$ cat my_file19.tsv   # TSV, C-alpha atoms
chain	number	residue	atom	x	y	z
A	216	MET	CA	-24.67	-2.90	55.08
A	217	LYS	CA	-27.52	-1.61	53.00
A	218	GLY	CA	-29.08	-3.82	50.37
A	219	LEU	CA	-32.11	-4.08	48.15
A	220	ILE	CA	-33.48	-6.36	45.47
A	221	GLY	CA	-34.26	-4.74	42.16
A	222	LYS	CA	-34.74	-5.00	38.47
A	223	LYS	CA	-32.59	-3.73	35.62
A	224	LEU	CA	-34.63	-1.50	33.35
A	225	GLY	CA	-32.07	-0.48	30.75
A	226	MET	CA	-29.36	1.98	29.87
A	227	THR	CA	-29.33	5.59	28.76
A	228	ARG	CA	-27.27	8.69	29.44
A	229	VAL	CA	-27.53	11.76	31.62
A	230	PHE	CA	-25.53	14.98	31.57
A	231	ASP	CA	-23.77	16.35	34.64
A	232	GLU	CA	-23.46	20.03	35.50
A	233	ASP	CA	-20.26	20.33	33.45
A	234	GLY	CA	-22.09	19.00	30.43
A	235	ARG	CA	-20.31	15.67	30.40
A	236	SER	CA	-22.32	12.69	29.28
A	237	ILE	CA	-22.54	9.89	31.84
A	238	PRO	CA	-23.67	6.42	30.74
A	239	VAL	CA	-26.13	5.12	33.31
A	240	THR	CA	-28.07	1.96	34.03
A	241	VAL	CA	-31.54	2.46	35.43
A	242	LEU	CA	-32.42	0.09	38.25
A	243	GLN	CA	-35.81	-0.24	39.87
A	244	CYS	CA	-35.07	-1.04	43.51
A	245	GLY	CA	-37.65	-1.93	46.06
A	246	PRO	CA	-39.84	-1.34	47.89
A	247	CYS	CA	-38.69	-4.49	49.62
A	248	PRO	CA	-40.68	-5.72	52.60
A	249	ILE	CA	-38.76	-7.44	55.37
A	250	THR	CA	-40.07	-10.99	55.30
A	251	GLN	CA	-37.92	-12.53	58.01
A	252	ILE	CA	-35.42	-11.36	60.60
A	253	LYS	CA	-32.63	-13.77	61.44
A	254	THR	CA	-31.13	-13.29	64.86
A	255	GLN	CA	-28.12	-14.62	66.70
A	256	GLU	CA	-30.31	-16.56	69.15
A	257	THR	CA	-32.55	-18.35	66.69
A	258	ASP	CA	-30.35	-18.72	63.61
A	259	GLY	CA	-26.79	-18.20	64.76
A	260	TYR	CA	-26.28	-15.15	62.56
A	261	THR	CA	-27.97	-11.84	61.88
A	262	ALA	CA	-29.59	-11.04	58.57
A	263	LEU	CA	-32.65	-9.53	56.97
A	264	GLN	CA	-34.67	-11.46	54.44
A	265	LEU	CA	-36.11	-9.09	51.87
A	266	GLY	CA	-38.75	-9.69	49.24
A	267	PHE	CA	-39.29	-8.12	45.85
A	268	GLY	CA	-41.77	-8.25	42.96
A	269	ASP	CA	-45.39	-8.08	44.05
A	270	ASP	CA	-46.70	-8.94	40.57
A	271	ARG	CA	-47.03	-12.60	41.48
A	272	LYS	CA	-50.43	-14.31	41.57
A	273	GLU	CA	-51.65	-15.78	44.84
A	274	LYS	CA	-52.63	-18.96	43.00
A	275	ARG	CA	-49.17	-19.34	41.51
A	276	THR	CA	-47.47	-19.20	44.91
A	277	PRO	CA	-46.81	-22.46	46.74
A	278	LYS	CA	-48.78	-22.77	49.97
A	279	PRO	CA	-45.74	-23.10	52.28
A	280	LEU	CA	-44.36	-19.86	50.83
A	281	ARG	CA	-47.72	-18.18	51.27
A	282	GLY	CA	-47.65	-19.14	54.92
A	283	HIS	CA	-44.11	-17.82	55.31
A	284	LEU	CA	-45.05	-14.51	53.70
A	285	ALA	CA	-48.22	-14.22	55.77
A	286	LYS	CA	-46.06	-13.95	58.90
A	287	SER	CA	-44.76	-10.59	57.72
A	288	GLY	CA	-48.11	-9.57	56.28
A	289	SER	CA	-46.88	-9.25	52.71
A	290	GLY	CA	-48.58	-10.64	49.61
A	291	PRO	CA	-47.01	-13.06	47.12
A	292	LEU	CA	-43.52	-12.05	46.05
A	293	ARG	CA	-41.26	-13.07	43.17
A	294	MET	CA	-38.00	-13.18	45.00
A	295	LEU	CA	-36.65	-13.53	48.52
A	296	ARG	CA	-33.03	-12.86	49.39
A	297	GLU	CA	-31.08	-12.54	52.59
A	298	PHE	CA	-28.78	-9.63	53.38
A	299	ARG	CA	-26.32	-10.04	56.22
A	300	THR	CA	-26.34	-7.19	58.72
A	301	LYS	CA	-24.32	-6.47	61.84
A	302	ASP	CA	-27.42	-6.02	63.94
A	303	VAL	CA	-31.13	-6.20	63.31
A	304	ASP	CA	-32.25	-3.61	65.85
A	305	GLY	CA	-34.72	-1.10	64.55
A	306	TYR	CA	-36.13	-3.36	61.87
A	307	ALA	CA	-39.63	-4.79	62.00
A	308	LEU	CA	-41.29	-7.56	60.04
A	309	GLY	CA	-43.26	-6.18	57.12
A	310	GLN	CA	-41.36	-2.90	57.15
A	311	LYS	CA	-40.70	-1.72	53.60
A	312	LEU	CA	-37.22	-0.67	52.59
A	313	THR	CA	-37.02	1.74	49.66
A	314	VAL	CA	-34.32	3.40	47.56
A	315	GLU	CA	-34.06	6.09	50.22
A	316	LEU	CA	-31.46	3.74	51.73
A	317	PHE	CA	-29.02	4.74	49.00
A	318	GLU	CA	-29.55	8.49	49.20
A	319	ASP	CA	-26.33	9.16	51.09
A	320	VAL	CA	-24.44	6.30	49.46
A	321	GLN	CA	-21.77	7.09	46.88
A	322	LYS	CA	-20.96	3.67	45.53
A	323	VAL	CA	-22.85	0.41	45.23
A	324	THR	CA	-22.14	-3.18	44.33
A	325	VAL	CA	-24.53	-4.87	41.93
A	326	THR	CA	-25.00	-8.62	41.47
A	327	GLY	CA	-26.91	-10.17	38.61
A	328	VAL	CA	-27.05	-13.16	36.29
A	329	SER	CA	-25.15	-12.43	33.07
A	330	LYS	CA	-26.74	-12.85	29.66
A	331	GLY	CA	-26.57	-16.40	28.37
A	332	ARG	CA	-24.43	-16.72	25.26
A	333	GLY	CA	-24.94	-20.41	24.54
A	334	PHE	CA	-22.10	-22.57	23.31
A	335	ALA	CA	-19.39	-20.02	22.62
A	336	GLY	CA	-16.02	-20.45	20.96
A	337	VAL	CA	-12.72	-19.68	22.47
A	338	ILE	CA	-12.41	-16.17	21.00
A	339	ARG	CA	-15.65	-14.94	22.49
A	340	ARG	CA	-15.38	-16.92	25.71
A	341	HIS	CA	-11.73	-16.49	26.66
A	342	ASN	CA	-10.59	-13.58	24.49
A	343	PHE	CA	-8.21	-15.70	22.41
A	344	GLN	CA	-6.69	-14.16	19.31
A	345	ARG	CA	-7.88	-15.26	15.90
A	346	GLY	CA	-5.74	-16.54	13.03
A	347	ARG	CA	-5.40	-14.71	9.75
A	348	GLU	CA	-8.24	-15.05	7.27
A	349	THR	CA	-6.27	-15.21	4.04
A	350	HIS	CA	-2.82	-16.02	2.66
A	351	GLY	CA	-3.48	-19.77	2.77
A	352	SER	CA	-4.32	-19.85	6.44
A	353	HIS	CA	-6.67	-22.52	7.71
A	354	ASN	CA	-6.27	-21.35	11.28
A	355	HIS	CA	-9.22	-18.98	11.73
A	356	ARG	CA	-11.03	-19.30	15.06
A	357	VAL	CA	-9.56	-22.54	16.40
A	358	PRO	CA	-8.13	-22.84	19.92
A	359	GLY	CA	-4.76	-24.18	18.75
A	360	SER	CA	-2.70	-26.58	20.81
A	361	ILE	CA	-4.26	-27.71	24.06
A	362	GLY	CA	-1.10	-29.16	25.52
A	363	ALA	CA	2.00	-31.31	24.98
A	364	CYS	CA	2.17	-34.98	23.82
A	365	ALA	CA	3.25	-38.06	25.80
A	366	THR	CA	4.17	-35.96	28.80
A	367	PRO	CA	1.75	-35.31	30.44
A	368	SER	CA	-0.49	-37.31	28.04
A	369	ARG	CA	-3.57	-35.54	29.32
A	370	VAL	CA	-5.15	-32.10	29.11
A	371	PHE	CA	-4.72	-29.95	32.17
A	372	ARG	CA	-7.75	-29.20	34.24
A	373	GLY	CA	-9.20	-25.76	33.70
A	374	LYS	CA	-7.78	-25.47	30.16
A	375	LYS	CA	-9.67	-22.69	28.38
A	376	MET	CA	-11.83	-24.34	25.75
A	377	PRO	CA	-15.15	-23.70	23.96
A	378	GLY	CA	-18.33	-24.30	25.93
A	379	ARG	CA	-21.33	-22.76	27.57
A	380	MET	CA	-20.90	-19.08	28.31
A	381	GLY	CA	-22.96	-16.63	30.32
A	382	GLY	CA	-25.78	-17.22	32.72
A	383	ASP	CA	-23.34	-16.91	35.62
A	384	ARG	CA	-23.74	-14.89	38.76
A	385	VAL	CA	-21.63	-11.78	38.21
A	386	THR	CA	-20.86	-9.04	40.70
A	387	VAL	CA	-19.73	-5.56	39.72
A	388	LYS	CA	-18.23	-3.56	42.54
A	389	ASN	CA	-18.04	0.16	43.22
A	390	LEU	CA	-20.53	1.56	40.73
A	391	GLU	CA	-21.13	5.26	41.25
A	392	VAL	CA	-24.63	6.31	42.25
A	393	VAL	CA	-25.68	9.07	39.88
A	394	ARG	CA	-29.24	9.73	40.98
A	395	VAL	CA	-31.87	8.42	43.38
A	396	ASP	CA	-35.51	8.84	42.40
A	397	LYS	CA	-37.71	8.13	45.41
A	398	GLU	CA	-40.96	8.68	43.56
A	399	ASN	CA	-40.45	5.87	41.06
A	400	ASN	CA	-38.08	3.78	43.23
A	401	LEU	CA	-35.27	4.27	40.74
A	402	LEU	CA	-31.53	4.13	41.17
A	403	LEU	CA	-29.28	5.44	38.42
A	404	VAL	CA	-25.87	3.88	38.47
A	405	LYS	CA	-22.87	4.80	36.33
A	406	GLY	CA	-21.86	2.15	33.84
A	407	ALA	CA	-23.13	-1.28	32.94
A	408	VAL	CA	-24.73	-3.89	35.17
A	409	PRO	CA	-24.75	-7.65	34.52
A	410	GLY	CA	-27.89	-9.27	33.13
A	411	THR	CA	-30.71	-8.68	30.74
A	412	ARG	CA	-33.29	-5.96	30.82
A	413	ASN	CA	-36.01	-6.81	33.35
A	414	GLY	CA	-33.54	-9.17	35.02
A	415	TYR	CA	-33.40	-9.30	38.78
A	416	ILE	CA	-30.39	-7.82	40.54
A	417	LEU	CA	-29.10	-7.36	44.07
A	418	VAL	CA	-27.81	-3.93	45.05
A	419	LYS	CA	-25.65	-3.35	48.09
A	420	SER	CA	-23.75	-0.37	49.36
A	421	ALA	CA	-20.09	-0.86	48.42
A	422	GLY	CA	-17.38	-1.56	50.94
A	423	ARG	CA	-17.70	-2.35	54.60
B	476	MET	CA	-40.43	0.74	29.08
B	477	SER	CA	-42.42	3.81	30.03
B	478	ILE	CA	-40.23	4.56	33.06
B	479	MET	CA	-37.15	4.41	30.85
B	480	ASP	CA	-38.80	6.79	28.38
B	481	GLY	CA	-39.46	9.19	31.23
B	482	ILE	CA	-35.80	9.27	32.22
B	483	ARG	CA	-34.69	9.63	28.63
B	484	ARG	CA	-37.01	12.57	28.19
B	485	GLN	CA	-35.81	14.42	31.29
B	486	GLY	CA	-32.62	15.81	29.82
B	487	LEU	CA	-34.06	16.86	26.47
B	488	ARG	CA	-33.87	20.52	25.57
B	489	ASP	CA	-37.17	22.23	24.94
B	490	GLU	CA	-36.40	23.47	21.49
B	491	THR	CA	-33.97	22.36	18.86
B	492	PRO	CA	-33.83	24.14	15.55
B	493	VAL	CA	-34.67	22.06	12.54
B	494	PHE	CA	-31.43	21.22	10.80
B	495	GLY	CA	-30.09	18.38	8.75
B	496	VAL	CA	-27.03	17.02	7.05
B	497	GLY	CA	-25.45	19.53	4.68
B	498	ASP	CA	-26.56	22.60	6.61
B	499	THR	CA	-24.11	25.22	7.78
B	500	LEU	CA	-24.37	25.87	11.50
B	501	LYS	CA	-23.03	28.14	14.16
B	502	VAL	CA	-22.80	26.16	17.38
B	503	HIS	CA	-22.44	28.15	20.59
B	504	VAL	CA	-20.45	25.98	22.98
B	505	ARG	CA	-19.90	26.65	26.65
B	506	VAL	CA	-16.22	26.24	27.50
B	507	ARG	CA	-14.89	26.03	31.04
B	508	GLU	CA	-11.43	27.34	31.69
B	509	GLY	CA	-10.63	26.91	35.35
B	510	GLN	CA	-13.26	28.93	37.14
B	511	LYS	CA	-14.39	30.99	34.16
B	512	THR	CA	-16.90	29.96	31.56
B	513	ARG	CA	-17.22	31.53	28.16
B	514	THR	CA	-18.98	30.85	24.92
B	515	GLN	CA	-17.10	29.63	21.91
B	516	ILE	CA	-18.55	29.54	18.44
B	517	PHE	CA	-17.92	26.61	16.15
B	518	GLN	CA	-19.04	27.19	12.59
B	519	GLY	CA	-19.14	24.52	9.92
B	520	THR	CA	-21.17	22.05	7.92
B	521	VAL	CA	-23.11	19.17	9.41
B	522	ILE	CA	-21.77	15.95	7.93
B	523	ALA	CA	-23.64	13.44	10.06
B	524	ARG	CA	-26.46	13.02	12.53
B	525	SER	CA	-26.91	9.90	14.56
B	526	GLY	CA	-28.89	8.48	17.42
B	527	SER	CA	-32.27	9.50	18.71
B	528	GLY	CA	-33.72	11.07	21.80
B	529	ILE	CA	-31.17	12.11	24.40
B	530	GLU	CA	-28.49	10.05	22.67
B	531	GLU	CA	-28.71	12.10	19.48
B	532	SER	CA	-25.54	13.74	18.22
B	533	PHE	CA	-24.30	15.54	15.14
B	534	THR	CA	-20.90	16.03	13.55
B	535	VAL	CA	-19.77	19.45	12.35
B	536	ARG	CA	-16.81	19.83	10.01
B	537	LYS	CA	-14.89	22.97	9.27
B	538	VAL	CA	-11.52	23.79	7.75
B	539	SER	CA	-9.64	26.20	9.95
B	540	SER	CA	-6.53	27.70	8.32
B	541	GLY	CA	-6.00	24.59	6.25
B	542	ILE	CA	-6.54	22.14	9.09
B	543	PRO	CA	-9.79	20.19	8.92
B	544	ILE	CA	-11.60	19.94	12.26
B	545	GLU	CA	-14.56	17.73	13.04
B	546	ARG	CA	-16.44	17.98	16.28
B	547	ILE	CA	-19.22	15.76	17.52
B	548	PHE	CA	-21.85	17.49	19.63
B	549	PRO	CA	-24.68	15.94	21.59
B	550	VAL	CA	-27.89	17.60	20.44
B	551	HIS	CA	-29.20	17.79	23.99
B	552	GLY	CA	-25.96	18.46	25.82
B	553	PRO	CA	-26.11	21.46	28.17
B	554	ASN	CA	-22.79	22.72	26.84
B	555	VAL	CA	-24.36	23.32	23.46
B	556	GLN	CA	-26.04	26.59	24.29
B	557	ARG	CA	-27.46	27.57	20.95
B	558	ILE	CA	-27.53	26.21	17.43
B	559	GLU	CA	-27.88	28.72	14.64
B	560	VAL	CA	-28.68	27.59	11.14
B	561	LEU	CA	-26.94	29.78	8.59
B	562	LYS	CA	-27.52	27.91	5.35
B	563	ARG	CA	-29.45	24.89	4.20
B	564	GLY	CA	-27.54	22.54	1.94
B	565	ARG	CA	-28.91	20.36	-0.83
B	566	VAL	CA	-27.37	16.93	-0.33
B	567	ARG	CA	-28.26	13.44	-1.49
B	568	ARG	CA	-26.92	11.30	1.31
B	569	ALA	CA	-27.15	10.98	5.08
B	570	LYS	CA	-23.41	11.02	5.85
B	571	LEU	CA	-21.15	13.40	3.96
B	572	ASN	CA	-17.95	11.44	4.40
B	573	TYR	CA	-16.96	12.27	0.82
B	574	LEU	CA	-16.20	15.81	1.98
B	575	LYS	CA	-13.21	14.49	3.88
B	576	GLU	CA	-11.29	13.73	0.72
B	577	ARG	CA	-12.13	16.99	-1.00
B	578	ILE	CA	-10.63	20.39	-0.55
B	579	GLY	CA	-11.37	23.89	-1.81
B	580	LYS	CA	-14.07	24.39	-4.38
B	581	LYS	CA	-14.87	20.70	-4.64
B	582	ALA	CA	-15.90	20.60	-1.00
B	583	ARG	CA	-18.79	22.97	-1.57
B	584	ILE	CA	-22.41	22.07	-0.97
B	585	ALA	CA	-25.20	23.51	-3.07
B	586	GLU	CA	-27.61	25.69	-1.15
B	587	LYS	CA	-31.20	24.63	-0.82
B	588	ARG	CA	-33.94	27.19	-1.13
B	589	PRO	CA	-35.94	26.60	2.02
B	590	HIS	CA	-39.50	25.37	2.00
B	591	LYS	CA	-42.20	27.73	3.13
B	592	LYS	CA	-42.94	25.73	6.25
B	593	ASP	CA	-39.27	25.72	7.27
B	594	THR	CA	-38.97	29.49	7.03
B	595	GLU	CA	-42.06	29.90	9.15
B	596	LYS	CA	-40.56	27.65	11.80
B	597	ALA	CA	-37.30	29.55	11.77
B	598	LYS	CA	-39.12	32.83	12.27
B	599	SER	CA	-41.24	31.74	15.21
$ encode --input "my_file19.tsv" --output "structure tokens"
Amino acid sequence: MKGLIGKKLGMTRVFDEDGRSIPVTVLQCGPCPITQIKTQETDGYTALQLGFGDDRKEKRTPKPLRGHLAKSGSGPLRMLREFRTKDVDGYALGQKLTVELFEDVQKVTVTGVSKGRGFAGVIRRHNFQRGRETHGSHNHRVPGSIGACATPSRVFRGKKMPGRMGGDRVTVKNLEVVRVDKENNLLLVKGAVPGTRNGYILVKSAGR
Amino acid sequence: MSIMDGIRRQGLRDETPVFGVGDTLKVHVRVREGQKTRTQIFQGTVIARSGSGIEESFTVRKVSSGIPIERIFPVHGPNVQRIEVLKRGRVRRAKLNYLKERIGKKARIAEKRPHKKDTEKAKS
């Protein structure tokens, strides 16, 4: 399992050798220093804790976190995330993982926090159909009936209704890797990725 | 956004001829048929241009034996090998959608006498 923490930079297009236009999302991935190695003996499972975002001020970092990061010799970081691995041999604390990881990878899985849409109606949130606008209709964007009457005399749990939308953790699987740019730590992935521009994302190689 | 700008600039072609809506173009398109590639020429009037940078595209309309054909080309697509400007048209709007409902003589566009600076660019 190969994984990195990154940032979504935005979307554009590139052309392949046949001249087809491919929509791509540009992700800035890594370099991610290994901040902690979890082993079977000490933690009961194996994983690598990676850090990302070295634009954080020393002063703005809590002291306990500073101490934790000092163990791996890395400066203040914005984000720490664990990636489960089968074994942790060959990894050292403080070692920096870069996009080179994905050079021979065809497909990746990307996790991010989707854009917040506030209090959204039922059409936007659950893809309901709208009523007609004219011909005496008063039924425009309303949800309609939310259930029967005396039986069951309650609304079923999980009924699709208006409410807060977005801001959820969303994972998109099997995105094609279009290009890997080692120089600028960039990963170009086909299609859209959840989240806003400059939002943090987790990238993993797809599948097992 | 400077990194994004860098990526967007990578695929741009070095030179694009100056052309606008209303101009008559000859577009040399690379067509792949199985293993072979050949060049096809699509000649018609530009009825729209949209987008900017690598996303920029233009729409060319022609009437081929009575059947109107519109094709949208990416300005920077590698399959568009060459763009030749045959005529400059004098038009008063950005999208010539009114051409779609006209046929024959009514679908003509007045020719624009080119500016001096444009002719110099075309020569060089």
$ interface_residues --input "my_file19.tsv" --of "chain B" --to "chain A" --cutoff "12 Å" --atoms "only C-alpha atoms" --output "PyMOL selection string"
chain B and resi 476-488+504-510+512+526-532+548-556
$ residues_around --input "my_file19.tsv" --residues "A:Gln310" --least-positions-apart "5" --cutoff "9 Å" --atoms "only C-alpha atoms" --output "list in words"
Cys247, Pro248, Ile249, Thr250 and Ser287 of chain A
$ atom_distance --input "my_file19.tsv" --atom1 "atom CA of B:Arg536" --atom2 "atom CA of B:Val493"
18.2 Å
$ closest_residue --input "my_file19.tsv" --among "A:Ser360, A:Thr411, A:Thr313, A:Thr366" --to "A:Lys222" --atoms "all atoms listed in the file"
A:Thr411
$ residues_around --input "my_file19.tsv" --residues "A:Arg345" --least-positions-apart "3" --cutoff "8 Å" --atoms "all atoms listed in the file" --output "count of residues only"
5
